[in-house]
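S.K.: My file is entry.txt. It has compact mmCIF, C-alpha atoms:
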```txt
# COMPACT_ATOMS: atom_id res chain seq x y z
CA MET A 1104 7.65 0.89 50.87
CA ILE A 1105 5.56 1.62 53.93
CA GLN A 1106 2.44 -0.55 53.99
CA TYR A 1107 0.72 1.34 56.79
CA ILE A 1108 1.30 3.66 59.74
CA LEU A 1109 -0.46 3.31 63.08
CA LEU A 1110 -0.53 5.42 66.22
CA ILE A 1111 -1.61 3.34 69.19
CA SER A 1112 -1.97 4.47 72.80
CA ARG A 1113 -0.54 2.42 75.66
CA GLN A 1114 -4.09 1.23 76.35
CA GLY A 1115 -4.36 -0.15 72.81
CA LYS A 1116 -6.61 2.57 71.36
CA THR A 1117 -5.96 3.49 67.73
CA ARG A 1118 -5.31 7.22 67.41
CA LEU A 1119 -4.35 7.29 63.74
CA LYS A 1120 -4.23 4.74 60.95
CA LYS A 1121 -3.14 5.21 57.37
CA TRP A 1122 -2.92 2.39 54.83
CA PHE A 1123 -0.88 2.90 51.67
CA VAL A 1124 -1.94 -0.39 50.09
CA PRO A 1125 -5.47 -1.64 49.42
CA CYS A 1126 -6.88 -3.47 52.44
CA LEU A 1127 -10.41 -4.35 53.47
CA GLU A 1128 -11.74 -2.66 56.60
CA ARG A 1129 -12.17 -5.95 58.48
CA ASP A 1130 -8.60 -6.96 57.59
CA GLN A 1131 -7.38 -3.59 58.85
CA PHE A 1132 -9.08 -4.12 62.21
CA ARG A 1133 -7.68 -7.64 62.45
CA THR A 1134 -4.19 -6.38 61.59
CA ILE A 1135 -4.40 -3.49 64.06
CA LYS A 1136 -5.46 -5.86 66.83
CA GLU A 1137 -2.70 -8.34 66.07
CA VAL A 1138 0.10 -5.79 65.61
CA SER A 1139 -0.88 -3.67 68.59
CA SER A 1140 -0.96 -6.70 70.89
CA LEU A 1141 2.48 -7.73 69.62
CA VAL A 1142 3.98 -4.28 70.17
CA LEU A 1143 2.25 -3.49 73.48
CA SER A 1144 3.32 -6.78 75.04
CA ARG A 1145 7.02 -6.22 74.36
CA PRO A 1146 9.30 -5.07 77.17
CA PRO A 1147 10.71 -1.53 76.80
CA LYS A 1148 14.37 -2.56 76.46
CA VAL A 1149 13.99 -4.87 73.45
CA CYS A 1150 14.61 -4.13 69.78
CA ASN A 1151 12.09 -1.88 67.97
CA PHE A 1152 11.86 -4.21 64.96
CA LEU A 1153 9.69 -7.29 64.53
CA GLU A 1154 9.39 -9.73 61.68
CA TRP A 1155 5.69 -10.22 61.08
CA ARG A 1156 4.30 -12.34 58.26
CA ASP A 1157 6.24 -11.24 55.15
CA TYR A 1158 6.88 -7.74 56.54
CA LYS A 1159 8.82 -5.91 59.20
CA ILE A 1160 7.18 -3.90 61.94
CA CYS A 1161 9.17 -0.88 63.11
CA TYR A 1162 7.91 1.05 66.09
CA LYS A 1163 8.95 3.73 68.53
CA ARG A 1164 7.27 4.87 71.72
CA TYR A 1165 6.97 8.59 72.34
CA ALA A 1166 5.33 9.44 75.70
CA SER A 1167 2.04 7.51 75.76
CA LEU A 1168 1.88 6.70 72.03
CA TYR A 1169 3.40 3.98 69.90
CA PHE A 1170 4.19 5.02 66.33
CA ILE A 1171 4.16 1.85 64.24
CA THR A 1172 5.10 1.35 60.60
CA CYS A 1173 4.89 -1.82 58.58
CA ILE A 1174 7.48 -2.04 55.80
CA GLU A 1175 8.41 -4.63 53.22
CA ALA A 1176 10.91 -7.28 54.29
CA ASP A 1177 13.74 -5.87 52.16
CA ASP A 1178 13.30 -2.22 53.28
CA ASN A 1179 15.68 -0.50 55.67
CA GLU A 1180 14.36 -0.49 59.25
CA LEU A 1181 16.44 2.54 60.22
CA LEU A 1182 14.85 4.60 57.46
CA ALA A 1183 11.43 3.61 58.78
CA LEU A 1184 12.44 4.71 62.29
CA GLU A 1185 13.78 7.96 60.82
CA ALA A 1186 10.45 8.54 59.03
CA ILE A 1187 8.63 8.00 62.34
CA HIS A 1188 10.95 10.44 64.09
CA HIS A 1189 10.52 13.00 61.31
CA PHE A 1190 6.72 12.74 61.64
CA VAL A 1191 6.93 13.16 65.42
CA GLU A 1192 9.21 16.20 65.09
CA CYS A 1193 6.80 17.81 62.62
CA LEU A 1194 3.88 17.14 64.97
CA ASP A 1195 5.92 18.52 67.84
CA ARG A 1196 6.74 21.74 66.03
CA TYR A 1197 3.21 22.24 64.78
CA PHE A 1198 1.43 21.60 68.08
CA GLY A 1199 4.25 22.80 70.35
CA ASN A 1200 5.12 19.70 72.39
CA VAL A 1201 2.45 17.38 70.99
CA CYS A 1202 0.44 15.16 73.30
CA GLU A 1203 -2.15 12.47 72.79
CA LEU A 1204 -5.01 14.94 73.32
CA ASP A 1205 -3.72 17.11 70.46
CA LEU A 1206 -4.03 14.12 68.17
CA ILE A 1207 -7.48 13.21 69.47
CA PHE A 1208 -8.99 16.68 69.05
CA ASN A 1209 -7.02 17.68 65.92
CA PHE A 1210 -6.73 14.32 64.18
CA HIS A 1211 -7.34 15.92 60.78
CA LYS A 1212 -4.22 18.07 61.19
CA ALA A 1213 -2.15 15.00 62.06
CA TYR A 1214 -3.41 13.42 58.82
CA TYR A 1215 -2.52 16.61 56.89
CA ILE A 1216 1.01 16.47 58.27
CA LEU A 1217 1.35 12.77 57.51
CA ASP A 1218 0.07 13.35 53.97
CA GLU A 1219 2.72 16.03 53.45
CA ILE A 1220 5.48 13.68 54.60
CA VAL A 1221 4.47 10.31 53.11
CA ILE A 1222 2.80 9.75 49.75
CA SER A 1223 1.95 6.25 48.50
CA GLY A 1224 4.09 4.69 51.21
CA GLU A 1225 7.25 6.60 50.29
CA LEU A 1226 8.88 9.48 52.17
CA GLN A 1227 8.28 12.57 50.04
CA GLU A 1228 9.27 15.57 52.14
CA SER A 1229 12.29 15.43 54.41
CA SER A 1230 12.28 19.14 55.26
CA LYS A 1231 10.41 19.98 58.44
CA ARG A 1232 10.34 23.63 57.38
CA ALA A 1233 8.64 22.78 54.07
CA VAL A 1234 6.07 20.51 55.75
CA LEU A 1235 5.17 23.16 58.31
CA HIS A 1236 5.01 25.83 55.59
CA HIS A 1237 2.48 23.75 53.62
CA ILE A 1238 0.42 23.11 56.75
CA ALA A 1239 0.43 26.83 57.59
CA GLU A 1240 -0.85 27.52 54.07
CA GLN A 1241 -3.64 24.97 54.57
CA ASP A 1242 -4.54 26.57 57.90
CA ALA A 1243 -4.69 30.00 56.22
CA MET A 1244 -7.00 28.64 53.51
CA MET A 1245 -9.25 27.09 56.17
CA GLN A 1246 -9.42 30.35 58.11
CA GLU A 1247 -10.17 32.25 54.92
CA GLY A 1248 -13.00 29.83 54.12
CA ASP A 1249 -14.39 30.13 57.66
CA GLN A 1250 -14.32 33.92 57.43
CA LYS A 1251 -16.20 33.83 54.14
CA LYS A 1252 -18.84 31.56 55.67
CA THR A 1253 -19.39 33.76 58.73
CA GLY A 1254 -19.09 37.02 56.77
CA GLY A 1255 -21.71 35.91 54.24
CA ARG A 1256 -24.50 35.62 56.82
```
Take the structure in the file and write it out as structure tokens.
M.R.:
Amino acid sequence: MIQYILLISRQGKTRLKKWFVPCLERDQFRTIKEVSSLVLSRPPKVCNFLEWRDYKICYKRYASLYFITCIEADDNELLALEAIHHFVECLDRYFGNVCELDLIFNFHKAYYILDEIVISGELQESSKRAVLHHIAEQDAMMQEGDQKKTGGR
């Protein structure tokens, strides 16, 4: 089970965080600081898996962002990397070659996509087409709501 997912820039800024287990806010900040310093300090040619406390950290760098997942010690690391890659591909298709600025200015859409893919720390939707279809439906509902708001004035 995925404990949490983080998106960290090369400068160490948190761009997205999603916890799937209960965790106090101060513990989250402490964990983010510790894990991001571990990942950011690693050379690019080393393994993308770390043993950390009683968990495994799996990460992958795409452009200027590190996508980090924390999984239980007995979970498959390759499945975690595949989940990261699936999330990145969905972001890429939705935004059309996603960049860090897309995630900064449209962070809510990145959360929508993540929520379509992972529920309670488990991969729920493996079809990129289905994820993007659900997100398109959400966008249509949002536009419809915006039109009602502006049309009602």
S.K.: Counting all atoms listed in the file, which of A:Ser1140, A:Asn1151, A:Ser1223, A:Asn1179 gets nearest to Pro1125 in chain A?
M.R.: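 Distance minimum relative to Pro1125 in chain A lands on A:Ser1223.
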S.K.: In Å, how far is it from CA of Asp1177 in chain A to CA of Tyr1165 in chain A?
M.R.: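 These atoms are spaced 25.7 Å apart.
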S.K.: Find the spatial neighbours of range 1114-1118 of chain A, counting only C-alpha atoms, within a cut-off of 8 Å - ignore same-chain residues fewer than 2 positions away - and output them as a PyMOL selection string.
M.R.: chain A and resi 1109-1112+1120+1139-1140+1143+1206-1207+1210
S.K.: For range 1156-1158 of chain A, list every protein, DNA or RNA residue within 12 Å, evaluated using all atoms listed in the file, and leave out those in the same chain fewer than 2 positions away; present the list as a list in words.
M.R.: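 After dropping sequence-adjacent residues, the list is Met1104, Ile1105, Gln1106, Tyr1107, Thr1134, Glu1137, Val1138, Phe1152, Leu1153, Glu1154, Ile1160, Cys1161, Thr1172, Cys1173, Ile1174, Glu1175, Ala1176, Asp1177, Asp1178, Asn1179 and Glu1180 of chain A.
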S.K.: Keeping only C-alpha atoms, write the selected residues to a file as a JSON list (two decimals), in the frame of the given file.
M.R.:
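Saved file result16.json follows:
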```
[["chain", "number", "residue", "atom", "x", "y", "z"],
["A", 1104, "MET", "CA", 7.65, 0.89, 50.87],
["A", 1105, "ILE", "CA", 5.56, 1.62, 53.93],
["A", 1106, "GLN", "CA", 2.44, -0.55, 53.99],
["A", 1107, "TYR", "CA", 0.72, 1.34, 56.79],
["A", 1134, "THR", "CA", -4.19, -6.38, 61.59],
["A", 1137, "GLU", "CA", -2.70, -8.34, 66.07],
["A", 1138, "VAL", "CA", 0.10, -5.79, 65.61],
["A", 1152, "PHE", "CA", 11.86, -4.21, 64.96],
["A", 1153, "LEU", "CA", 9.69, -7.29, 64.53],
["A", 1154, "GLU", "CA", 9.39, -9.73, 61.68],
["A", 1160, "ILE", "CA", 7.18, -3.90, 61.94],
["A", 1161, "CYS", "CA", 9.17, -0.88, 63.11],
["A", 1172, "THR", "CA", 5.10, 1.35, 60.60],
["A", 1173, "CYS", "CA", 4.89, -1.82, 58.58],
["A", 1174, "ILE", "CA", 7.48, -2.04, 55.80],
["A", 1175, "GLU", "CA", 8.41, -4.63, 53.22],
["A", 1176, "ALA", "CA", 10.91, -7.28, 54.29],
["A", 1177, "ASP", "CA", 13.74, -5.87, 52.16],
["A", 1178, "ASP", "CA", 13.30, -2.22, 53.28],
["A", 1179, "ASN", "CA", 15.68, -0.50, 55.67],
["A", 1180, "GLU", "CA", 14.36, -0.49, 59.25]]
```
S.K.: My list of candidates is A:Val1201, A:Val1149, A:Val1221, A:Leu1127. Which is closest to Ala1183 in chain A when distances are computed with all atoms listed in the file?
M.R.: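 Among the listed residues, the smallest separation from Ala1183 in chain A belongs to A:Val1221.
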S.K.: Which residue, A:Glu1219, A:Glu1228, A:Leu1235, A:Lys1163, has the smallest gap to Pro1147 in chain A when you use only C-alpha atoms?
M.R.: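 The shortest atom-to-atom distance to Pro1147 in chain A comes from A:Lys1163.
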S.K.: Which residue out of A:Ala1186, A:Ile1216, A:Asp1130, A:Asp1249 has the minimum interatomic distance to Phe1198 in chain A when all atoms listed in the file are used?
M.R.: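 Checking each of A:Ala1186, A:Ile1216, A:Asp1130, A:Asp1249 against Phe1198 in chain A, counting all atoms listed in the file, the winner is A:Ile1216.
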S.K.: For a test of reading the model, state the distance in Å between CA of Asp1205 in chain A and CA of Glu1192 in chain A, rounded to one decimal.
M.R.: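 Answer for the CA of Asp1205 in chain A to CA of Glu1192 in chain A separation: 14.0 Å.
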S.K.: Name the closest residue to Glu1185 in chain A among the candidates A:Thr1253, A:Ser1229, A:Gln1241, A:Arg1164; distances are taken between atoms, counting only C-alpha atoms.
M.R.: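 Residue with the minimum atom-to-atom distance to Glu1185 in chain A: A:Ser1229.
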S.K.: One decimal, Å: what's the distance from CA of Leu1168 in chain A over to CA of His1211 in chain A, could you say?
M.R.: 17.2 Å
S.K.: Using all atoms listed in the file, pick whichever of A:Val1124, A:Leu1141, A:Leu1119, A:Ala1243 has the shortest atom-to-atom distance to Leu1217 in chain A.
M.R.: A:Leu1119
S.K.: Taking 6 positions as the minimum chain separation for residues in the same chain, which residues sit within 10 Å of Ser1230 in chain A when counting all atoms listed in the file? Answer as a PDB file with C-alpha atoms, in the frame of the given file.
M.R.:
```
ATOM      1  CA  HIS A1189      10.520  13.000  61.310  1.00  0.00           C
ATOM      2  CA  CYS A1193       6.800  17.810  62.620  1.00  0.00           C
ATOM      3  CA  ILE A1220       5.480  13.680  54.600  1.00  0.00           C
ATOM      4  CA  HIS A1236       5.010  25.830  55.590  1.00  0.00           C
TER       5      HIS A1236
END
```
